[in-house]
file my_file08.tsv (TSV, C-alpha atoms)
chain	number	residue	atom	x	y	z
A	1	MET	CA	0.00	0.00	0.00
A	2	THR	CA	1.33	3.46	-0.88
A	3	GLY	CA	0.20	6.96	0.08
A	4	ASP	CA	-1.54	8.03	3.28
A	5	LEU	CA	-3.52	5.47	5.23
A	6	LEU	CA	-4.99	8.11	7.54
A	7	ARG	CA	-5.29	11.83	6.89
A	8	LEU	CA	-6.80	14.53	9.10
A	9	GLU	CA	-7.59	17.84	7.45
A	10	GLY	CA	-8.25	20.91	9.61
A	11	ILE	CA	-9.96	19.07	12.46
A	12	GLY	CA	-11.65	21.35	14.99
A	13	VAL	CA	-13.77	20.30	17.97
A	14	ARG	CA	-15.92	22.51	20.20
A	15	LEU	CA	-17.55	21.02	23.30
A	16	GLY	CA	-19.77	23.01	25.63
A	17	GLY	CA	-18.78	26.25	23.94
A	18	ARG	CA	-15.08	25.52	24.50
A	19	GLN	CA	-12.58	25.00	21.68
A	20	ILE	CA	-10.91	21.65	22.41
A	21	LEU	CA	-9.07	21.25	19.10
A	22	GLY	CA	-8.40	23.74	16.35
A	23	ASP	CA	-7.18	23.10	12.78
A	24	VAL	CA	-5.37	19.83	13.51
A	25	SER	CA	-3.90	18.28	10.37
A	26	PHE	CA	-1.55	15.33	9.91
A	27	SER	CA	-1.25	12.04	8.05
A	28	VAL	CA	-0.11	8.50	8.84
A	29	ARG	CA	1.35	6.09	6.30
A	30	PRO	CA	1.28	2.27	6.33
A	31	GLY	CA	3.85	0.82	8.73
A	32	GLU	CA	4.51	4.21	10.32
A	33	PHE	CA	4.77	4.57	14.11
A	34	THR	CA	3.35	7.93	15.22
A	35	GLY	CA	3.33	9.29	18.76
A	36	LEU	CA	0.43	11.56	19.72
A	37	ILE	CA	2.12	13.49	22.52
A	38	GLY	CA	0.82	16.19	24.85
A	39	PRO	CA	-0.06	17.04	28.45
A	40	ASN	CA	-3.25	15.91	30.13
A	41	GLY	CA	-6.15	17.95	28.80
A	42	ALA	CA	-4.51	18.69	25.45
A	43	GLY	CA	-7.22	16.84	23.48
A	44	LYS	CA	-5.47	13.53	22.68
A	45	THR	CA	-8.42	11.31	23.62
A	46	THR	CA	-10.86	13.64	21.87
A	47	LEU	CA	-8.79	13.38	18.69
A	48	LEU	CA	-8.79	9.58	18.85
A	49	LYS	CA	-12.57	9.65	19.25
A	50	VAL	CA	-12.82	11.80	16.13
A	51	ILE	CA	-10.74	9.28	14.16
A	52	LEU	CA	-12.90	6.43	15.45
A	53	GLY	CA	-16.10	8.27	14.48
A	54	LEU	CA	-17.24	8.54	18.12
A	55	GLN	CA	-16.97	12.35	18.16
A	56	ALA	CA	-18.13	14.54	15.27
A	57	PRO	CA	-15.68	17.34	14.48
A	58	SER	CA	-16.91	20.92	14.33
A	59	SER	CA	-14.76	21.43	11.25
A	60	GLY	CA	-12.47	19.46	8.98
A	61	ARG	CA	-12.60	15.83	7.93
A	62	VAL	CA	-10.99	12.44	8.52
A	63	LEU	CA	-9.96	10.33	5.53
A	64	VAL	CA	-8.96	6.67	5.65
A	65	GLN	CA	-7.41	5.47	2.40
A	66	ASP	CA	-8.67	8.71	0.83
A	67	SER	CA	-12.29	7.98	1.76
A	68	ALA	CA	-14.44	9.62	4.42
A	69	ARG	CA	-15.19	7.27	7.30
A	70	PRO	CA	-18.31	8.10	9.30
A	71	ARG	CA	-17.73	5.29	11.78
A	72	ARG	CA	-15.24	2.70	12.93
A	73	GLY	CA	-14.59	-0.14	10.52
A	74	SER	CA	-12.36	-3.16	10.06
A	75	LEU	CA	-9.45	-1.02	8.85
A	76	ILE	CA	-8.97	0.42	12.34
A	77	GLY	CA	-8.21	-1.41	15.57
A	78	TYR	CA	-8.54	0.33	18.94
A	79	VAL	CA	-6.80	-0.39	22.25
A	80	PRO	CA	-8.19	1.40	25.34
A	81	GLN	CA	-5.98	2.46	28.22
A	82	LYS	CA	-6.92	-0.49	30.40
A	83	LEU	CA	-9.43	-3.29	30.81
A	84	VAL	CA	-11.80	-2.84	33.75
A	85	ILE	CA	-13.08	-6.24	34.77
A	86	ASP	CA	-13.95	-8.14	37.93
A	87	PRO	CA	-11.07	-10.52	38.77
A	88	ASP	CA	-13.65	-13.21	39.58
A	89	MET	CA	-15.33	-13.02	36.20
A	90	PRO	CA	-14.58	-16.28	34.34
A	91	LEU	CA	-13.37	-14.57	31.17
A	92	ARG	CA	-10.12	-15.96	29.81
A	93	ALA	CA	-7.53	-14.10	27.77
A	94	ARG	CA	-8.40	-16.19	24.71
A	95	ASP	CA	-12.07	-15.27	25.14
A	96	VAL	CA	-11.29	-11.54	25.00
A	97	VAL	CA	-9.20	-12.00	21.86
A	98	SER	CA	-11.87	-14.15	20.23
A	99	LEU	CA	-14.47	-11.41	20.75
A	100	GLY	CA	-12.40	-9.22	18.43
A	101	LEU	CA	-13.53	-11.41	15.53
A	102	ASP	CA	-17.19	-10.59	16.07
A	103	GLY	CA	-16.98	-6.85	15.49
A	104	ASN	CA	-20.41	-5.27	15.82
A	105	ARG	CA	-22.33	-8.52	15.41
A	106	LEU	CA	-24.81	-9.41	18.12
A	107	GLY	CA	-24.72	-12.69	20.01
A	108	PHE	CA	-21.99	-15.30	20.27
A	109	SER	CA	-20.21	-17.16	17.49
A	110	PHE	CA	-19.89	-20.93	17.53
A	111	PRO	CA	-16.36	-22.20	18.20
A	112	SER	CA	-14.45	-23.68	15.29
A	113	ARG	CA	-10.97	-25.08	14.68
A	114	GLN	CA	-10.14	-22.16	12.37
A	115	ARG	CA	-11.27	-19.63	14.96
A	116	ARG	CA	-9.26	-21.30	17.75
A	117	GLU	CA	-6.13	-21.37	15.59
A	118	LEU	CA	-6.48	-17.70	14.67
A	119	VAL	CA	-6.83	-16.77	18.34
A	120	ARG	CA	-3.77	-18.88	19.17
A	121	GLU	CA	-1.71	-17.26	16.40
A	122	THR	CA	-2.70	-13.76	17.48
A	123	LEU	CA	-1.87	-14.45	21.14
A	124	ARG	CA	1.49	-15.84	20.01
A	125	ALA	CA	2.17	-12.72	17.93
A	126	VAL	CA	1.89	-10.50	21.02
A	127	GLY	CA	3.70	-12.87	23.38
A	128	ALA	CA	0.58	-13.80	25.35
A	129	GLU	CA	0.08	-17.44	24.42
A	130	ARG	CA	1.34	-18.79	27.78
A	131	TYR	CA	-1.52	-17.17	29.70
A	132	ALA	CA	-4.25	-17.77	27.11
A	133	ASP	CA	-6.36	-19.67	29.64
A	134	ALA	CA	-5.81	-17.31	32.58
A	135	ARG	CA	-8.62	-15.12	33.84
A	136	VAL	CA	-8.13	-11.65	32.40
A	137	GLY	CA	-8.90	-9.92	35.70
A	138	GLU	CA	-5.98	-11.72	37.35
A	139	LEU	CA	-3.38	-10.65	34.77
A	140	SER	CA	-0.86	-7.86	35.34
A	141	GLY	CA	-1.25	-4.51	33.60
A	142	GLY	CA	1.34	-5.41	30.95
A	143	GLU	CA	-0.27	-8.79	30.32
A	144	GLN	CA	-3.70	-7.20	29.96
A	145	GLN	CA	-2.29	-4.72	27.45
A	146	ARG	CA	-0.96	-7.58	25.33
A	147	VAL	CA	-4.39	-9.22	25.40
A	148	LEU	CA	-6.08	-5.93	24.41
A	149	ILE	CA	-3.62	-5.49	21.54
A	150	ALA	CA	-4.35	-9.05	20.38
A	151	HIS	CA	-8.09	-8.32	20.59
A	152	ALA	CA	-7.57	-5.32	18.27
A	153	LEU	CA	-5.22	-7.17	15.91
A	154	ILE	CA	-7.23	-10.32	15.27
A	155	SER	CA	-9.49	-8.57	12.74
A	156	ARG	CA	-6.32	-7.64	10.76
A	157	PRO	CA	-6.62	-3.82	10.89
A	158	ARG	CA	-4.24	-1.61	8.92
A	159	LEU	CA	-4.26	1.13	11.57
A	160	LEU	CA	-3.92	0.57	15.32
A	161	LEU	CA	-4.99	3.35	17.72
A	162	LEU	CA	-3.87	3.17	21.35
A	163	ASP	CA	-5.07	5.54	24.08
A	164	GLU	CA	-2.37	6.01	26.76
A	165	PRO	CA	-1.48	2.29	26.91
A	166	LEU	CA	1.62	2.96	29.03
A	167	ALA	CA	-0.07	5.09	31.69
A	168	ASN	CA	-0.59	2.29	34.23
A	169	LEU	CA	2.47	0.16	33.46
A	170	ASP	CA	5.83	-0.09	35.19
A	171	LEU	CA	8.92	0.94	33.23
A	172	ARG	CA	9.86	-2.56	32.10
A	173	SER	CA	6.35	-3.49	30.97
A	174	GLY	CA	6.07	-0.17	29.13
A	175	HIS	CA	9.28	-0.78	27.19
A	176	GLU	CA	8.14	-4.31	26.31
A	177	ILE	CA	4.81	-3.05	24.95
A	178	VAL	CA	6.54	-0.34	22.89
A	179	ALA	CA	8.98	-2.89	21.45
A	180	LEU	CA	6.05	-5.14	20.54
A	181	LEU	CA	4.21	-2.30	18.79
A	182	GLY	CA	7.35	-1.28	16.91
A	183	LYS	CA	7.78	-4.86	15.71
A	184	LEU	CA	4.17	-5.06	14.54
A	185	ALA	CA	4.53	-1.78	12.64
A	186	SER	CA	7.75	-2.78	10.88
A	187	GLU	CA	7.00	-6.45	10.18
A	188	GLN	CA	3.28	-6.31	9.40
A	189	GLU	CA	3.10	-2.79	7.92
A	190	ILE	CA	0.50	-1.81	10.51
A	191	ALA	CA	0.30	1.93	11.13
A	192	VAL	CA	0.46	2.68	14.86
A	193	LEU	CA	-0.90	5.89	16.41
A	194	ILE	CA	-0.30	5.90	20.16
A	195	SER	CA	-1.20	8.68	22.58
A	196	ALA	CA	1.09	9.43	25.52
A	197	HIS	CA	2.10	12.34	27.72
A	198	ASP	CA	5.75	11.20	27.75
A	199	MET	CA	7.62	10.43	24.55
A	200	ASN	CA	10.62	8.81	26.29
A	201	PRO	CA	9.55	5.17	25.84
A	202	LEU	CA	8.61	5.73	22.19
A	203	LEU	CA	11.81	7.23	20.82
A	204	SER	CA	13.44	4.02	19.64
A	205	VAL	CA	10.50	3.19	17.37
A	206	MET	CA	8.73	6.50	16.65
A	207	ASP	CA	8.86	7.70	13.04
A	208	ARG	CA	6.80	10.85	13.59
A	209	ILE	CA	5.39	12.92	16.41
A	210	VAL	CA	2.11	14.81	16.58
A	211	TYR	CA	2.49	17.22	19.49
A	212	LEU	CA	-0.77	18.62	20.91
A	213	ALA	CA	-0.88	21.65	23.19
A	214	ALA	CA	-3.62	24.20	23.81
A	215	GLY	CA	-5.74	22.44	21.18
A	216	ARG	CA	-3.22	22.91	18.39
A	217	ALA	CA	-0.77	20.48	16.81
A	218	ALA	CA	2.70	20.40	15.31
A	219	THR	CA	3.88	17.33	13.40
A	220	GLY	CA	7.16	16.06	12.03
A	221	SER	CA	10.20	14.27	13.38
A	222	THR	CA	11.10	14.67	17.06
A	223	ALA	CA	14.03	16.91	16.14
A	224	GLU	CA	11.77	19.13	14.03
A	225	VAL	CA	8.91	19.48	16.52
A	226	VAL	CA	10.42	19.39	20.00
A	227	THR	CA	12.17	22.75	19.84
A	228	SER	CA	11.74	25.93	21.84
A	229	GLU	CA	10.47	27.81	18.80
A	230	VAL	CA	7.82	25.28	17.79
A	231	LEU	CA	6.54	24.52	21.28
A	232	SER	CA	6.48	28.18	22.29
A	233	GLY	CA	4.19	28.76	19.33
A	234	LEU	CA	1.88	25.94	20.43
A	235	TYR	CA	1.67	26.97	24.08
A	236	GLY	CA	1.38	30.67	23.28
A	237	HIS	CA	4.31	31.72	25.49
A	238	HIS	CA	8.02	31.03	25.64
A	239	VAL	CA	9.20	27.60	26.74
A	240	ASP	CA	12.67	26.10	26.82
A	241	VAL	CA	13.60	22.66	25.59
A	242	ILE	CA	16.42	21.22	27.70
A	243	ARG	CA	18.29	18.07	26.69
A	244	LEU	CA	19.98	16.32	29.57
A	245	HIS	CA	21.23	12.71	29.83
A	246	ASN	CA	19.32	11.65	26.71
A	247	ARG	CA	16.08	13.17	27.95
A	248	ILE	CA	14.17	16.32	27.09
A	249	LEU	CA	12.58	18.59	29.65
A	250	VAL	CA	10.09	21.20	28.45
A	251	VAL	CA	9.77	24.11	30.90
A	252	ALA	CA	8.78	27.78	30.93
A	253	ALA	CA	11.55	30.35	30.50
A	254	GLU	CA	11.64	31.20	34.21
A	255	GLY	CA	11.84	27.56	35.19
A	256	GLU	CA	8.12	27.33	35.94
A	257	PRO	CA	6.20	24.28	34.73
A	258	VAL	CA	4.44	24.52	31.39
A	259	PRO	CA	0.67	24.76	31.98
A	260	ALA	CA	-1.52	22.13	30.38
A	261	ALA	CA	-4.67	22.93	28.45
A	262	ASP	CA	-6.72	22.55	31.63
A	263	ASP	CA	-4.59	25.21	33.38
A	264	LYS	CA	-3.08	22.69	35.81
A	265	ALA	CA	0.66	23.05	36.19
A	266	VAL	CA	2.66	20.16	34.79
A	267	VAL	CA	6.20	19.47	33.66
A	268	LEU	CA	6.44	17.62	30.35
A	269	ASP	CA	9.39	15.23	30.63
A	270	HIS	CA	10.26	13.80	27.23
A	271	GLY	CA	13.06	11.69	25.83
A	272	ALA	CA	15.73	12.99	23.50
A	273	ALA	CA	15.69	12.64	19.74

call {"tool": "encode", "arguments": {"input": "my_file08.tsv", "output": "structure tokens"}}
result
Amino acid sequence: MTGDLLRLEGIGVRLGGRQILGDVSFSVRPGEFTGLIGPNGAGKTTLLKVILGLQAPSSGRVLVQDSARPRRGSLIGYVPQKLVIDPDMPLRARDVVSLGLDGNRLGFSFPSRQRRELVRETLRAVGAERYADARVGELSGGEQQRVLIAHALISRPRLLLLDEPLANLDLRSGHEIVALLGKLASEQEIAVLISAHDMNPLLSVMDRIVYLAAGRAATGSTAEVVTSEVLSGLYGHHVDVIRLHNRILVVAAEGEPVPAADDKAVVLDHGAA
């Protein structure tokens, strides 16, 4: 496949009279790993909802393979931040993955040898085969993320959207999930768009960054986007970009934290290019 798999053109979103996103434009190509980076409240989840067709934009349009997509389809897989489930619920990891085959169909599908083999192959692809029969509620955060990724992958999407999948993981689990996603992108030509407030874990695999702040976006390579000039323009006031020990710290000129879109003070700690 050549050309853009996903393209956003001038996306704007107003909710409750407040401008959440304004004129956001970027594209994602097959096999490309894109980080959607920004502080809490910057509009990352809202933008993912727009791509999925769960939130109508106030302006602009979303194109998938050059066609308008009013709702989620088989081309796009989605991985939520975490799975909320009762640990006592008798739902196995393989059951969750199998449900990804049913899409929007109602009811349950009858088991078949082909279905079982596909579930097994998908669990193997994400390194989750050894706990296929474990109850999902008893798995660790990293293990649950692998199961959720398998659930999204089993329908063979060309684009994988992930909403803050690293937020509740320890450092080791986070790096393992990022390595897995990078492998899927490079080996299976799946486009990955992952939202995060910290770009550090993504740097080894990230091809492009979409940086959201104050409802606006800048896109390009990390070196192109994460600069004092670009980020000062996004935030609307001067910020410094400090590189130290292979990390990047984004702070206000006086050393004060950069405010997020919700006016809560935060420091954005990002990894170096």

call {"tool": "residues_around", "arguments": {"input": "my_file08.tsv", "residues": "range 207-209 of chain A", "least_positions_apart": "4", "cutoff": "10 Å", "atoms": "all atoms listed in the file", "output": "number ranges by chain"}}
result
A: 26-28, 31-37, 182, 192-195, 199, 202-203, 217-226

call {"tool": "write_last_selection", "arguments": {"input": "my_file08.tsv", "atoms": "C-alpha atoms", "output": "PDB file, keeping the file's coordinate frame"}}
result
ATOM      1  CA  PHE A  26      -1.550  15.330   9.910  1.00  0.00           C
ATOM      2  CA  SER A  27      -1.250  12.040   8.050  1.00  0.00           C
ATOM      3  CA  VAL A  28      -0.110   8.500   8.840  1.00  0.00           C
ATOM      4  CA  GLY A  31       3.850   0.820   8.730  1.00  0.00           C
ATOM      5  CA  GLU A  32       4.510   4.210  10.320  1.00  0.00           C
ATOM      6  CA  PHE A  33       4.770   4.570  14.110  1.00  0.00           C
ATOM      7  CA  THR A  34       3.350   7.930  15.220  1.00  0.00           C
ATOM      8  CA  GLY A  35       3.330   9.290  18.760  1.00  0.00           C
ATOM      9  CA  LEU A  36       0.430  11.560  19.720  1.00  0.00           C
ATOM     10  CA  ILE A  37       2.120  13.490  22.520  1.00  0.00           C
ATOM     11  CA  GLY A 182       7.350  -1.280  16.910  1.00  0.00           C
ATOM     12  CA  VAL A 192       0.460   2.680  14.860  1.00  0.00           C
ATOM     13  CA  LEU A 193      -0.900   5.890  16.410  1.00  0.00           C
ATOM     14  CA  ILE A 194      -0.300   5.900  20.160  1.00  0.00           C
ATOM     15  CA  SER A 195      -1.200   8.680  22.580  1.00  0.00           C
ATOM     16  CA  MET A 199       7.620  10.430  24.550  1.00  0.00           C
ATOM     17  CA  LEU A 202       8.610   5.730  22.190  1.00  0.00           C
ATOM     18  CA  LEU A 203      11.810   7.230  20.820  1.00  0.00           C
ATOM     19  CA  ALA A 217      -0.770  20.480  16.810  1.00  0.00           C
ATOM     20  CA  ALA A 218       2.700  20.400  15.310  1.00  0.00           C
ATOM     21  CA  THR A 219       3.880  17.330  13.400  1.00  0.00           C
ATOM     22  CA  GLY A 220       7.160  16.060  12.030  1.00  0.00           C
ATOM     23  CA  SER A 221      10.200  14.270  13.380  1.00  0.00           C
ATOM     24  CA  THR A 222      11.100  14.670  17.060  1.00  0.00           C
ATOM     25  CA  ALA A 223      14.030  16.910  16.140  1.00  0.00           C
ATOM     26  CA  GLU A 224      11.770  19.130  14.030  1.00  0.00           C
ATOM     27  CA  VAL A 225       8.910  19.480  16.520  1.00  0.00           C
ATOM     28  CA  VAL A 226      10.420  19.390  20.000  1.00  0.00           C
TER      29      VAL A 226
END

call {"tool": "residues_around", "arguments": {"input": "my_file08.tsv", "residues": "Gly142 in chain A", "least_positions_apart": "6", "cutoff": "8 Å", "atoms": "only C-alpha atoms", "output": "list of chain:residue names"}}
result
A:Leu169, A:Ser173, A:Gly174, A:Ile177

call {"tool": "residues_around", "arguments": {"input": "my_file08.tsv", "residues": "range 78-84 of chain A", "least_positions_apart": "6", "cutoff": "8 Å", "atoms": "all atoms listed in the file", "output": "VMD selection string"}}
result
chain A and resid 137 141 144 to 145 148 to 149 152 160 to 168

call {"tool": "axis_aligned_box", "arguments": {"input": "my_file08.tsv", "around": "range 130-147 of chain A", "padding_each_side": "4 Å", "output": "AutoDock Vina command-line options"}}
result
--center_x -3.8 --center_y -12.1 --center_z 31.3 --size_x 18.2 --size_y 23.2 --size_z 20.0

call {"tool": "atom_distance", "arguments": {"input": "my_file08.tsv", "atom1": "CA of Ala125 in chain A", "atom2": "CA of Ser112 in chain A"}}
result
20.1 Å

call {"tool": "atom_distance", "arguments": {"input": "my_file08.tsv", "atom1": "CA of Lys49 in chain A", "atom2": "CA of Arg14 in chain A"}}
result
13.3 Å

call {"tool": "residues_around", "arguments": {"input": "my_file08.tsv", "residues": "Gly60 in chain A", "least_positions_apart": "2", "cutoff": "10 Å", "atoms": "only C-alpha atoms", "output": "list of chain:residue names"}}
result
A:Leu8, A:Glu9, A:Gly10, A:Ile11, A:Gly12, A:Val13, A:Gly22, A:Asp23, A:Val24, A:Ser25, A:Ala56, A:Pro57, A:Ser58, A:Val62

call {"tool": "residues_around", "arguments": {"input": "my_file08.tsv", "residues": "Leu139 in chain A", "least_positions_apart": "6", "cutoff": "10 Å", "atoms": "all atoms listed in the file", "output": "list in words"}}
result
Pro87, Arg92, Ala93, Tyr131, Gln145 and Val147 of chain A

call {"tool": "closest_residue", "arguments": {"input": "my_file08.tsv", "among": "A:Val241, A:Ala214, A:Leu5, A:Leu15", "to": "Ala68 in chain A", "atoms": "all atoms listed in the file"}}
result
A:Leu5

call {"tool": "atom_distance", "arguments": {"input": "my_file08.tsv", "atom1": "CA of Pro90 in chain A", "atom2": "CA of Ala132 in chain A"}}
result
12.7 Å

call {"tool": "closest_residue", "arguments": {"input": "my_file08.tsv", "among": "A:Arg124, A:Ile85, A:Arg113, A:Leu159", "to": "Val136 in chain A", "atoms": "only C-alpha atoms"}}
result
A:Ile85

call {"tool": "closest_residue", "arguments": {"input": "my_file08.tsv", "among": "A:Lys183, A:Leu6, A:His175, A:Arg18", "to": "Ile51 in chain A", "atoms": "all atoms listed in the file"}}
result
A:Leu6

call {"tool": "residues_near_point", "arguments": {"input": "my_file08.tsv", "point": "(-4.2, 15.2, 28.2)", "cutoff": "9 Å", "atoms": "only C-alpha atoms", "output": "PyMOL selection string"}}
result
chain A and resi 37-45+196-197+212-213+260-262

call {"tool": "closest_residue", "arguments": {"input": "my_file08.tsv", "among": "A:Leu153, A:Arg216, A:Ala179, A:Asp4", "to": "Ser67 in chain A", "atoms": "all atoms listed in the file"}}
result
A:Asp4
